[in-house]
Every structure is written in structure tokens, then in C-alpha cells.
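Containing compact mmCIF, C-alpha atoms: upload33.txt.
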# COMPACT_ATOMS: atom_id res chain seq x y z
CA MET T 19 63.88 -85.82 110.74
CA ILE T 20 66.93 -84.16 112.27
CA GLN T 21 67.81 -80.50 111.78
CA LEU T 22 70.98 -80.11 109.71
CA GLY T 23 71.19 -76.31 109.49
CA GLN T 24 70.74 -73.33 111.80
CA TYR T 25 67.02 -72.91 111.22
CA PRO T 26 64.16 -74.93 112.73
CA ALA T 27 61.33 -76.17 110.53
CA ALA T 28 59.09 -73.53 108.98
CA SER T 29 55.89 -72.74 110.85
CA HIS T 30 53.85 -72.73 107.63
CA VAL T 31 54.27 -73.97 104.08
CA ILE T 32 52.18 -72.45 101.27
CA ALA T 33 52.17 -73.55 97.63
CA HIS T 34 51.70 -70.78 95.07
CA ILE T 35 50.33 -71.63 91.61
CA SER T 36 49.18 -69.17 88.98
CA ASP T 37 47.59 -68.74 85.57
CA THR T 38 46.18 -72.17 84.83
CA HIS T 39 44.00 -70.80 81.96
CA LEU T 40 41.78 -73.87 81.59
CA LEU T 41 39.25 -74.07 78.75
CA ALA T 42 35.90 -75.84 78.59
CA SER T 43 35.93 -79.47 77.44
CA GLY T 44 39.64 -79.57 78.31
CA ARG T 45 40.49 -78.29 74.85
CA PRO T 46 44.08 -77.07 74.34
CA LEU T 47 44.90 -73.39 74.68
CA TYR T 48 45.80 -71.80 71.32
CA GLY T 49 45.09 -75.22 69.87
CA GLN T 50 48.31 -76.72 71.24
CA VAL T 51 48.91 -76.05 74.95
CA ASN T 52 47.53 -78.87 77.13
CA THR T 53 46.68 -76.82 80.21
CA ILE T 54 45.03 -79.78 81.95
CA ALA T 55 48.13 -81.95 81.59
CA HIS T 56 50.45 -79.15 82.69
CA LEU T 57 48.41 -78.43 85.82
CA GLY T 58 48.13 -82.13 86.57
CA GLN T 59 51.89 -82.55 86.37
CA ALA T 60 52.45 -79.45 88.50
CA LEU T 61 50.20 -80.85 91.22
CA ALA T 62 51.83 -84.28 90.99
CA GLN T 63 55.32 -82.79 91.42
CA LEU T 64 54.14 -80.65 94.33
CA GLU T 65 52.60 -83.70 95.97
CA ARG T 66 55.72 -85.83 95.66
CA SER T 67 57.98 -83.01 96.87
CA SER T 68 59.00 -82.41 100.48
CA ALA T 69 56.87 -79.24 100.64
CA LYS T 70 53.73 -80.67 102.33
CA PRO T 71 51.78 -77.39 101.96
CA GLN T 72 49.04 -76.37 104.37
CA ALA T 73 47.43 -74.28 101.65
CA ILE T 74 47.61 -73.96 97.87
CA VAL T 75 47.06 -70.42 96.60
CA PHE T 76 46.03 -69.96 92.95
CA THR T 77 46.64 -66.33 91.98
CA GLY T 78 44.13 -65.93 89.20
CA ASP T 79 43.40 -66.56 85.55
CA LEU T 80 42.02 -69.93 86.53
CA ALA T 81 39.81 -70.19 83.43
CA ASP T 82 40.97 -68.63 80.17
CA LEU T 83 37.49 -67.51 79.08
CA GLY T 84 35.58 -67.81 82.34
CA GLU T 85 33.66 -70.81 81.01
CA PRO T 86 31.62 -72.78 83.58
CA ASP T 87 33.00 -76.16 82.46
CA ALA T 88 36.56 -74.89 82.92
CA TYR T 89 35.88 -74.18 86.61
CA VAL T 90 34.25 -77.58 87.03
CA ARG T 91 37.31 -79.27 85.53
CA LEU T 92 39.62 -77.14 87.66
CA ARG T 93 37.95 -78.25 90.89
CA ALA T 94 37.87 -81.87 89.76
CA LEU T 95 41.63 -81.78 89.21
CA VAL T 96 42.75 -79.62 92.14
CA GLU T 97 40.53 -80.63 95.04
CA PRO T 98 41.42 -84.35 95.18
CA ALA T 99 45.14 -83.51 95.05
CA ALA T 100 44.73 -80.86 97.75
CA LYS T 101 42.81 -83.32 99.92
CA ARG T 102 45.62 -85.87 99.64
CA MET T 103 48.07 -83.17 100.70
CA ASN T 104 45.71 -81.99 103.47
CA ALA T 105 45.94 -78.49 102.02
CA GLN T 106 43.37 -75.68 101.96
CA VAL T 107 42.64 -74.42 98.43
CA ILE T 108 42.61 -70.63 98.09
CA TRP T 109 41.34 -69.18 94.82
CA VAL T 110 42.07 -65.64 93.61
CA MET T 111 40.27 -63.82 90.79
CA GLY T 112 42.22 -63.02 87.61
CA ASN T 113 41.44 -60.82 84.63
CA HIS T 114 40.54 -63.85 82.48
CA ASP T 115 38.06 -65.05 85.10
CA GLU T 116 34.42 -63.96 85.17
CA ARG T 117 33.04 -63.06 88.60
CA PRO T 118 29.56 -64.67 88.35
CA GLU T 119 30.95 -68.01 87.16
CA TYR T 120 33.94 -67.84 89.50
CA SER T 121 31.72 -67.10 92.50
CA ARG T 122 29.01 -69.61 91.66
CA LEU T 123 31.18 -72.55 90.65
CA LEU T 124 34.00 -72.18 93.16
CA PHE T 125 32.07 -70.87 96.18
CA ASP T 126 28.42 -71.77 95.47
CA ASP T 127 27.56 -68.09 95.77
CA GLU T 128 25.77 -66.02 93.12
CA SER T 129 27.68 -62.73 93.09
CA ASP T 130 29.24 -60.22 90.72
CA ALA T 131 30.86 -58.24 93.56
CA PRO T 132 34.64 -58.14 94.13
CA GLN T 133 35.79 -61.55 95.34
CA ASP T 134 37.75 -60.65 98.48
CA ARG T 135 38.11 -63.31 101.17
CA VAL T 136 40.15 -64.00 104.32
CA TYR T 137 41.57 -67.38 105.36
CA ASP T 138 43.17 -68.48 108.63
CA ILE T 139 45.85 -71.13 108.11
CA ASP T 140 46.91 -72.07 111.65
CA GLY T 141 47.34 -68.43 112.61
CA LEU T 142 48.73 -67.27 109.28
CA ARG T 143 46.21 -64.97 107.59
CA ILE T 144 45.92 -65.17 103.81
CA ILE T 145 43.87 -62.53 102.01
CA SER T 146 42.52 -63.28 98.54
CA PHE T 147 42.12 -59.85 96.94
CA ASP T 148 40.26 -59.16 93.70
CA THR T 149 41.94 -56.58 91.43
CA THR T 150 39.96 -57.36 88.27
CA VAL T 151 37.95 -54.93 86.14
CA LEU T 152 34.79 -56.03 84.33
CA GLY T 153 35.52 -56.30 80.60
CA TYR T 154 39.21 -55.35 80.86
CA HIS T 155 42.57 -57.02 81.52
CA HIS T 156 44.26 -54.30 83.61
CA GLY T 157 43.75 -54.08 87.38
CA GLU T 158 41.97 -51.62 89.65
CA ILE T 159 40.86 -51.44 93.30
CA THR T 160 37.73 -49.68 94.54
CA ASP T 161 37.51 -47.34 97.52
CA GLU T 162 35.23 -49.85 99.24
CA GLN T 163 37.83 -52.60 98.81
CA LEU T 164 40.57 -50.44 100.31
CA ASP T 165 38.35 -49.61 103.29
CA TRP T 166 37.59 -53.32 103.75
CA LEU T 167 41.28 -54.21 103.54
CA ALA T 168 42.26 -51.54 106.06
CA ASP T 169 39.63 -52.86 108.45
CA VAL T 170 40.89 -56.45 108.10
CA LEU T 171 44.51 -55.42 108.66
CA ALA T 172 43.67 -53.29 111.68
CA SER T 173 43.99 -56.43 113.82
CA PRO T 174 47.31 -58.29 113.31
CA ALA T 175 47.25 -62.07 112.84
CA PRO T 176 49.33 -64.33 115.13
CA HIS T 177 51.76 -65.25 112.33
CA GLY T 178 51.20 -62.23 110.12
CA THR T 179 49.46 -61.92 106.76
CA ILE T 180 50.13 -62.97 103.19
CA MET T 181 48.22 -61.05 100.54
CA ALA T 182 47.37 -62.82 97.28
CA LEU T 183 46.24 -60.89 94.22
CA HIS T 184 46.49 -61.35 90.48
CA HIS T 185 48.03 -58.07 89.23
CA PRO T 186 51.48 -57.60 90.84
CA PRO T 187 52.14 -54.06 92.10
CA ILE T 188 55.65 -53.88 90.63
CA PRO T 189 57.47 -52.63 87.51
CA THR T 190 57.97 -55.06 84.61
CA PRO T 191 61.28 -53.92 83.07
CA MET T 192 61.85 -57.18 81.19
CA LEU T 193 58.49 -56.91 79.47
CA GLU T 194 57.42 -53.30 79.06
CA ALA T 195 54.23 -54.25 77.20
CA MET T 196 52.77 -55.61 80.45
CA GLY T 197 52.80 -52.06 81.78
CA MET T 198 49.59 -51.47 79.80
CA LEU T 199 47.87 -54.18 81.86
CA GLU T 200 49.25 -53.37 85.30
CA LEU T 201 47.42 -52.58 88.53
CA ARG T 202 46.45 -48.89 88.50
CA ASP T 203 46.65 -46.37 91.37
CA GLN T 204 49.15 -48.47 93.27
CA PRO T 205 50.09 -45.71 95.78
CA ARG T 206 46.58 -45.97 97.30
CA LEU T 207 47.15 -49.66 98.02
CA ALA T 208 50.61 -48.90 99.40
CA GLU T 209 49.09 -46.49 101.94
CA VAL T 210 46.92 -49.27 103.34
CA LEU T 211 49.66 -51.92 103.40
CA ARG T 212 52.55 -49.86 104.73
CA GLY T 213 53.08 -50.60 108.43
CA SER T 214 50.65 -53.52 108.46
CA ASP T 215 51.42 -57.14 109.32
CA VAL T 216 51.52 -58.16 105.64
CA ARG T 217 54.73 -60.19 105.26
CA ALA T 218 54.51 -61.08 101.58
CA ILE T 219 52.49 -60.37 98.45
CA LEU T 220 51.83 -63.26 96.05
CA ALA T 221 50.79 -62.49 92.48
CA GLY T 222 50.58 -63.84 88.95
CA HIS T 223 49.48 -62.28 85.65
CA LEU T 224 52.94 -61.95 84.10
CA HIS T 225 53.52 -65.60 83.08
CA TYR T 226 57.11 -65.41 84.29
CA SER T 227 58.69 -65.49 87.75
CA THR T 228 59.96 -62.25 89.20
CA HIS T 229 60.49 -60.64 92.62
CA SER T 230 60.39 -57.13 94.03
CA THR T 231 59.12 -55.11 96.99
CA PHE T 232 56.02 -52.95 97.43
CA ALA T 233 55.46 -50.63 100.38
CA GLY T 234 58.45 -52.38 101.95
CA ILE T 235 56.84 -55.81 101.50
CA PRO T 236 58.47 -58.61 99.44
CA VAL T 237 56.52 -59.45 96.27
CA SER T 238 56.77 -62.88 94.63
CA VAL T 239 55.23 -63.42 91.19
CA ALA T 240 54.70 -67.04 90.20
CA SER T 241 55.07 -68.04 86.59
CA ALA T 242 52.23 -70.00 84.96
CA THR T 243 51.28 -73.63 84.59
CA CYS T 244 49.73 -73.02 81.14
CA TYR T 245 52.43 -71.24 79.11
CA THR T 246 55.15 -68.71 79.89
CA LEU T 247 56.57 -65.62 78.21
CA ASP T 248 59.98 -65.74 76.55
CA LEU T 249 61.87 -62.72 77.90
CA SER T 250 64.70 -63.29 75.42
CA ALA T 251 62.54 -63.36 72.27
CA GLN T 252 63.85 -61.15 69.49
CA ASP T 253 61.67 -58.69 67.56
CA ARG T 254 58.53 -59.66 69.49
CA LEU T 255 56.22 -57.46 71.56
CA LEU T 256 55.13 -60.61 73.43
CA SER T 257 56.15 -64.22 72.91
CA GLY T 258 54.22 -66.98 74.66
CA VAL T 259 55.94 -70.37 74.75
CA ASP T 260 54.95 -73.83 75.95
CA PHE T 261 58.01 -74.10 78.17
CA GLY T 262 59.32 -73.21 81.61
CA GLN T 263 56.17 -73.70 83.67
CA SER T 264 56.66 -73.80 87.43
CA VAL T 265 55.16 -73.88 90.92
CA ASN T 266 56.30 -71.75 93.85
CA VAL T 267 56.57 -72.87 97.48
CA VAL T 268 56.60 -70.39 100.38
CA HIS T 269 58.14 -71.42 103.71
CA VAL T 270 57.20 -69.13 106.58
CA TYR T 271 59.66 -68.68 109.46
CA GLU T 272 59.47 -66.47 112.52
CA GLU T 273 61.41 -63.60 110.96
CA GLN T 274 61.54 -64.41 107.25
CA LEU T 275 59.89 -66.13 104.31
CA VAL T 276 61.64 -68.29 101.71
CA HIS T 277 60.25 -68.58 98.17
CA SER T 278 61.36 -71.61 96.13
CA ILE T 279 60.54 -72.57 92.55
CA ILE T 280 59.73 -76.09 91.34
CA PRO T 281 60.16 -76.35 87.54
CA VAL T 282 57.35 -78.36 85.96
CA GLY T 283 58.32 -81.06 83.48
CA ASP T 284 60.26 -84.24 82.98
CA THR T 285 63.94 -84.12 83.91
CA THR T 286 67.07 -86.25 83.67
CA GLU T 287 69.04 -86.71 86.88
CA VAL T 288 72.80 -86.26 86.41
CA SER T 289 73.84 -86.62 90.06
CA GLY T 290 72.33 -87.36 93.41
CA PHE T 291 71.83 -89.71 96.35
CA PRO T 292 68.99 -92.09 97.18
CA ALA T 293 66.70 -91.43 100.14
CA ALA T 294 68.16 -94.55 101.72
CA ALA T 295 71.27 -92.47 102.53
CA TRP T 296 69.35 -90.38 105.05
CA PRO T 297 69.80 -92.79 108.00
CA GLN T 298 73.55 -92.57 107.46
CA LEU T 299 73.33 -88.80 107.94
CA GLU T 300 71.26 -89.16 111.07
CA ALA T 301 73.79 -91.62 112.54
CA MET T 302 76.67 -89.12 112.20
CA THR T 303 77.59 -86.46 114.72
CA PRO T 304 77.49 -82.82 113.53
CA GLU T 305 81.30 -82.87 113.37
CA GLN T 306 81.30 -86.02 111.24
CA ARG T 307 78.75 -84.53 108.85
CA LEU T 308 80.85 -81.40 108.53
CA GLU T 309 83.94 -83.40 107.61
CA ALA T 310 82.03 -85.72 105.27
CA PHE T 311 80.09 -83.08 103.34
CA SER T 312 81.91 -79.78 103.78
CA SER T 313 85.58 -80.74 103.61
CA LYS T 314 86.92 -80.49 100.06
CA THR T 315 89.20 -83.44 100.73
CA SER T 316 86.49 -85.79 102.01
CA THR T 317 85.69 -89.05 100.25
CA PHE T 318 82.23 -87.65 99.47
CA ASN T 319 83.52 -84.60 97.58
CA ALA T 320 86.30 -86.49 95.88
CA ALA T 321 84.00 -89.22 94.60
CA GLU T 322 82.15 -89.28 91.35
CA VAL T 323 78.50 -88.82 92.31
CA THR T 324 75.92 -90.95 90.52
CA SER T 325 72.18 -91.41 90.90
CA SER T 326 72.78 -94.26 93.34
CA GLY T 327 75.44 -92.56 95.45
CA PRO T 328 79.20 -91.98 95.35
CA ALA T 329 81.25 -94.40 93.26
Can you dump the structure from the file as C-alpha cells?
Amino acid sequence: MIQLGQYPAASHVIAHISDTHLLASGRPLYGQVNTIAHLGQALAQLERSSAKPQAIVFTGDLADLGEPDAYVRLRALVEPAAKRMNAQVIWVMGNHDERPEYSRLLFDDESDAPQDRVYDIDGLRIISFDTTVLGYHHGEITDEQLDWLADVLASPAPHGTIMALHHPPIPTPMLEAMGMLELRDQPRLAEVLRGSDVRAILAGHLHYSTHSTFAGIPVSVASATCYTLDLSAQDRLLSGVDFGQSVNVVHVYEEQLVHSIIPVGDTTEVSGFPAAAWPQLEAMTPEQRLEAFSSKTSTFNAAEVTSSGPA
């Protein structure tokens, strides 16, 4: 495929999915949200997209109640799709997950210790970092975890590091109630991350997409595949809705990262071109493409665009 813009292809592509909240027996969440179907559609849309991820990072709350059967169903749904995409699956603990079940059923390891792991994706380091607290929904980090993290980051990775955790270390101005469930003692984490090779922080927990920075590092919070929170709801402390689910895709370049959002759900195309038009683009010179697609007076821009091409 030819390069149409100024940038070469990304060195790495990472999919970012969060808050699947599966229940045992595949039963619906709150009696009406089909979390299995939503996750299945999210994976199907990711697979048919142009993303071609090398890894799929799930930033926590994989199982709503930490039930063993929910983790079994999660693996049965995710792993075949990841295999078809040739993508490494990276799990992250969330506050709804239970460490013994998470560890045993996802990693075949009996453990109730913090679930911190390091992955090497063709020179890009991804750290799965556990910020959960036994019996609670807010986040905390132990001294031992911070020491471990500092030791890992002491040696830079060839393409830098992406850190994945469940509780995002950012303010939540659109939903103040989430402040009660945030990651505590964030300045201690900032001390370890500042000046390191961490290029991005991926998180979940909020059930809506948002972006910020932490210790000078971009933070991207993925929405959820189960249900989202309505930030425009009136007279509600919290309002969960079965709408607006999405998947994030991270493209890693030499000097920057690009975060894109794929909405999950059926859509109606109102304009577009078929893939069969691509060879026509490749056959043009850069100057011809500029005149055909950038000029406001070109036949392309003057035409009525339909799903099968310009009229």
C-alpha cells in the first residue's frame, strides 16, 4: 500500500479494550446488558478494521463479579479472535476482578499477589500494572510495587514503554462522583514515571473515553464494551446506559502516538467509496491526487458521493 501522507507506517499498533464486565453463564448485566454480544461485536469490528494490532490490551474489570466461569468465557471469546489477528493478549486487573480467580484462570498461576507483568511487543514494552485493593473499588499502589516499577523502568526499551492500569491517574471533572473511586497517592506514582521512557498510559474504570496527561505522559482512557456512563444525564449522580461502547486503537510512531476510537454497533453509511477505488489512487501521481481530492473545484468534490462512489 502506498503512503499518501507525510508519515510512514506506525511501528506498532495496539488495541485497547476496557471494562468487559462479563458474568457467569453469560447472563446479562443488570438483567439487560448483553456483555458477551457487545464484546463479540467489538472484537469483530476490530478484526475487520485496518488496525491489525500486534497486541490487545484489556484494562481491567474483565469479570463483573470475579466469577470463574466469566473468565473462562472471556478467554473462549477473546483468544480465538486474537489468534486470527496474530495479536498478543494482555490482561490488566480491575477493581471488579478477583486476584485468585484472575491469576488462576488467565495465567494458570495460584496467586493473590498484585498482578504486575511486563510484555515485549517487538521492542515496545507494555507493563500491566495492578492498582486494585482487596474488597474495595478505589485504587492503591504498594511500596513494593513502586520499587518493582522503578526497577523495570531503569532500563529503557527500544521503542519505549506503554503502561496499562485500570484506575486512571487523572481528574474526572465531567463525573465528580468517580473521584471517590480514584487511584490514591498519585504523586508517588508520578515520581517513578517522570523522566522514564513511558510514552503513554492506558486506563479504564470510568466507562467513558477521556484524555489527559500525568507526570508529562499522555493518558488515554478507553470507554467500556459493557455499558457506558451518560455524562449529560440530568439529576443523576451516575447514569449507566447501554449505548456508546467503543474500542481504542493506538498507533505508535517514532516521535508520537495516535489514539483512535472505533464506536461499537451497527451503523448506516451515508457516503463513501468502495475498496475497489484504491488502485485508481495508486495509479495517480501525487500531483494528480492533490488535484483530484484536495481541489474544491475537482470532479470528486463537486460530485454527490454515494456508497458506491461519486455520481
CA of Ser230 in chain T and CA of Tyr25 in chain T, how far apart in Å?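 Between CA of Tyr25 in chain T and CA of Ser230 in chain T the gap works out to 24.3 Å.
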Neighbour list for Val210 in chain T as a ChimeraX atom specification, cut-off 9 Å, all atoms listed in the file, skip fewer than 3 positions in-chain: /T:164-165,167-168,171,205-207,213-214
Set the distance at 12 Å and use all atoms listed in the file: which residues neighbour Gly49 in chain T once local chain neighbours fewer than 5 positions away are removed? I'd like the list as a ChimeraX atom specification. /T:41,44,260
Same residues, C-alpha atoms, saved as an mmCIF file, keeping the file's coordinate frame:
data_model
loop_
_atom_site.group_PDB
_atom_site.id
_atom_site.type_symbol
_atom_site.label_atom_id
_atom_site.label_comp_id
_atom_site.auth_asym_id
_atom_site.auth_seq_id
_atom_site.Cartn_x
_atom_site.Cartn_y
_atom_site.Cartn_z
ATOM 1 C CA LEU T 41 39.250 -74.070 78.750
ATOM 2 C CA GLY T 44 39.640 -79.570 78.310
ATOM 3 C CA ASP T 260 54.950 -73.830 75.950
#
As a PyMOL selection string, please: the residues near range 150-163 of chain T (cut-off 10 Å, all atoms listed in the file, same-chain neighbours under 2 positions excluded). chain T and resi 78+111-117+130+132-134+147-148+165-169+183-187+196-204+206-207+223
Written selection (C-alpha atoms) as a PDB file, in the frame of the given file:
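This is the output file result-v5.pdb:
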ATOM      1  CA  GLY T  78      44.130 -65.930  89.200  1.00  0.00           C
ATOM      2  CA  MET T 111      40.270 -63.820  90.790  1.00  0.00           C
ATOM      3  CA  GLY T 112      42.220 -63.020  87.610  1.00  0.00           C
ATOM      4  CA  ASN T 113      41.440 -60.820  84.630  1.00  0.00           C
ATOM      5  CA  HIS T 114      40.540 -63.850  82.480  1.00  0.00           C
ATOM      6  CA  ASP T 115      38.060 -65.050  85.100  1.00  0.00           C
ATOM      7  CA  GLU T 116      34.420 -63.960  85.170  1.00  0.00           C
ATOM      8  CA  ARG T 117      33.040 -63.060  88.600  1.00  0.00           C
ATOM      9  CA  ASP T 130      29.240 -60.220  90.720  1.00  0.00           C
ATOM     10  CA  PRO T 132      34.640 -58.140  94.130  1.00  0.00           C
ATOM     11  CA  GLN T 133      35.790 -61.550  95.340  1.00  0.00           C
ATOM     12  CA  ASP T 134      37.750 -60.650  98.480  1.00  0.00           C
ATOM     13  CA  PHE T 147      42.120 -59.850  96.940  1.00  0.00           C
ATOM     14  CA  ASP T 148      40.260 -59.160  93.700  1.00  0.00           C
ATOM     15  CA  ASP T 165      38.350 -49.610 103.290  1.00  0.00           C
ATOM     16  CA  TRP T 166      37.590 -53.320 103.750  1.00  0.00           C
ATOM     17  CA  LEU T 167      41.280 -54.210 103.540  1.00  0.00           C
ATOM     18  CA  ALA T 168      42.260 -51.540 106.060  1.00  0.00           C
ATOM     19  CA  ASP T 169      39.630 -52.860 108.450  1.00  0.00           C
ATOM     20  CA  LEU T 183      46.240 -60.890  94.220  1.00  0.00           C
ATOM     21  CA  HIS T 184      46.490 -61.350  90.480  1.00  0.00           C
ATOM     22  CA  HIS T 185      48.030 -58.070  89.230  1.00  0.00           C
ATOM     23  CA  PRO T 186      51.480 -57.600  90.840  1.00  0.00           C
ATOM     24  CA  PRO T 187      52.140 -54.060  92.100  1.00  0.00           C
ATOM     25  CA  MET T 196      52.770 -55.610  80.450  1.00  0.00           C
ATOM     26  CA  GLY T 197      52.800 -52.060  81.780  1.00  0.00           C
ATOM     27  CA  MET T 198      49.590 -51.470  79.800  1.00  0.00           C
ATOM     28  CA  LEU T 199      47.870 -54.180  81.860  1.00  0.00           C
ATOM     29  CA  GLU T 200      49.250 -53.370  85.300  1.00  0.00           C
ATOM     30  CA  LEU T 201      47.420 -52.580  88.530  1.00  0.00           C
ATOM     31  CA  ARG T 202      46.450 -48.890  88.500  1.00  0.00           C
ATOM     32  CA  ASP T 203      46.650 -46.370  91.370  1.00  0.00           C
ATOM     33  CA  GLN T 204      49.150 -48.470  93.270  1.00  0.00           C
ATOM     34  CA  ARG T 206      46.580 -45.970  97.300  1.00  0.00           C
ATOM     35  CA  LEU T 207      47.150 -49.660  98.020  1.00  0.00           C
ATOM     36  CA  HIS T 223      49.480 -62.280  85.650  1.00  0.00           C
TER      37      HIS T 223
END
Counting all atoms listed in the file, which residues have an atom no more than 9 Å from (43.1, -68.4, 98.7) in the file's coordinates? Please list them as a VMD selection string. chain T and resid 73 to 77 106 to 110 135 to 137 144 to 147 182
Spatial neighbours of Leu299 in chain T, 10 Å, all atoms listed in the file, chain gap at least 3 places, as a PyMOL selection string: chain T and resi 20+22+294-296+302-304+306-307+310-311
What would the file look like if the residues just selected were written as a PDB file, in the coordinates of the input with C-alpha atoms?
ATOM      1  CA  ILE T  20      66.930 -84.160 112.270  1.00  0.00           C
ATOM      2  CA  LEU T  22      70.980 -80.110 109.710  1.00  0.00           C
ATOM      3  CA  ALA T 294      68.160 -94.550 101.720  1.00  0.00           C
ATOM      4  CA  ALA T 295      71.270 -92.470 102.530  1.00  0.00           C
ATOM      5  CA  TRP T 296      69.350 -90.380 105.050  1.00  0.00           C
ATOM      6  CA  MET T 302      76.670 -89.120 112.200  1.00  0.00           C
ATOM      7  CA  THR T 303      77.590 -86.460 114.720  1.00  0.00           C
ATOM      8  CA  PRO T 304      77.490 -82.820 113.530  1.00  0.00           C
ATOM      9  CA  GLN T 306      81.300 -86.020 111.240  1.00  0.00           C
ATOM     10  CA  ARG T 307      78.750 -84.530 108.850  1.00  0.00           C
ATOM     11  CA  ALA T 310      82.030 -85.720 105.270  1.00  0.00           C
ATOM     12  CA  PHE T 311      80.090 -83.080 103.340  1.00  0.00           C
TER      13      PHE T 311
END
Would you mind listing what lies within 9 Å of His277 in chain T as an MDAnalysis selection string, with only C-alpha atoms counted and same-chain residues fewer than 2 positions away left out? chainID T and resid 238 266:270 275 279
Could you check how far CA of Thr243 in chain T sits from CA of Ala69 in chain T, in Å to one decimal?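 Interatomic distance, CA of Thr243 in chain T to CA of Ala69 in chain T: 17.9 Å.
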Counting only C-alpha atoms, the residue of T:Ile188, T:Arg102, T:Asp215, T:Ala233 that sits nearest Ser173 in chain T: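 Nearest to Ser173 in chain T: T:Asp215.
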Between CA of Leu83 in chain T and CA of Gln252 in chain T, what is the spacing in Å?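 Computing it gives 28.8 Å between the two atoms.
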Return the padded bounding box of range 248-267 of chain T as lines of an AutoDock Vina configuration file: axis-aligned, built from all atoms listed in the file, 5 Å added on each side, with centre and edge lengths in Å to one decimal.
center_x = 59.5
center_y = -65.8
center_z = 82.5
size_x = 20.5
size_y = 26.6
size_z = 39.9
Nearest-residue call for Tyr120 in chain T, choices T:Leu80, T:Ile219, T:Phe261, T:Ile139, using all atoms listed in the file: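 Looking only at the distances to Tyr120 in chain T, the closest residue turns out to be T:Leu80.
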Of the listed residues T:Ala81, T:Ala33, T:Leu92, T:Leu255, that which approaches Leu47 in chain T most closely, counting only C-alpha atoms: T:Ala81
Closest of T:Val265, T:Ile235, T:Leu193, T:Val216 to His56 in chain T - atom-to-atom distances counting only C-alpha atoms: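 When distances to His56 in chain T are compared using only C-alpha atoms, the smallest one comes from T:Val265.
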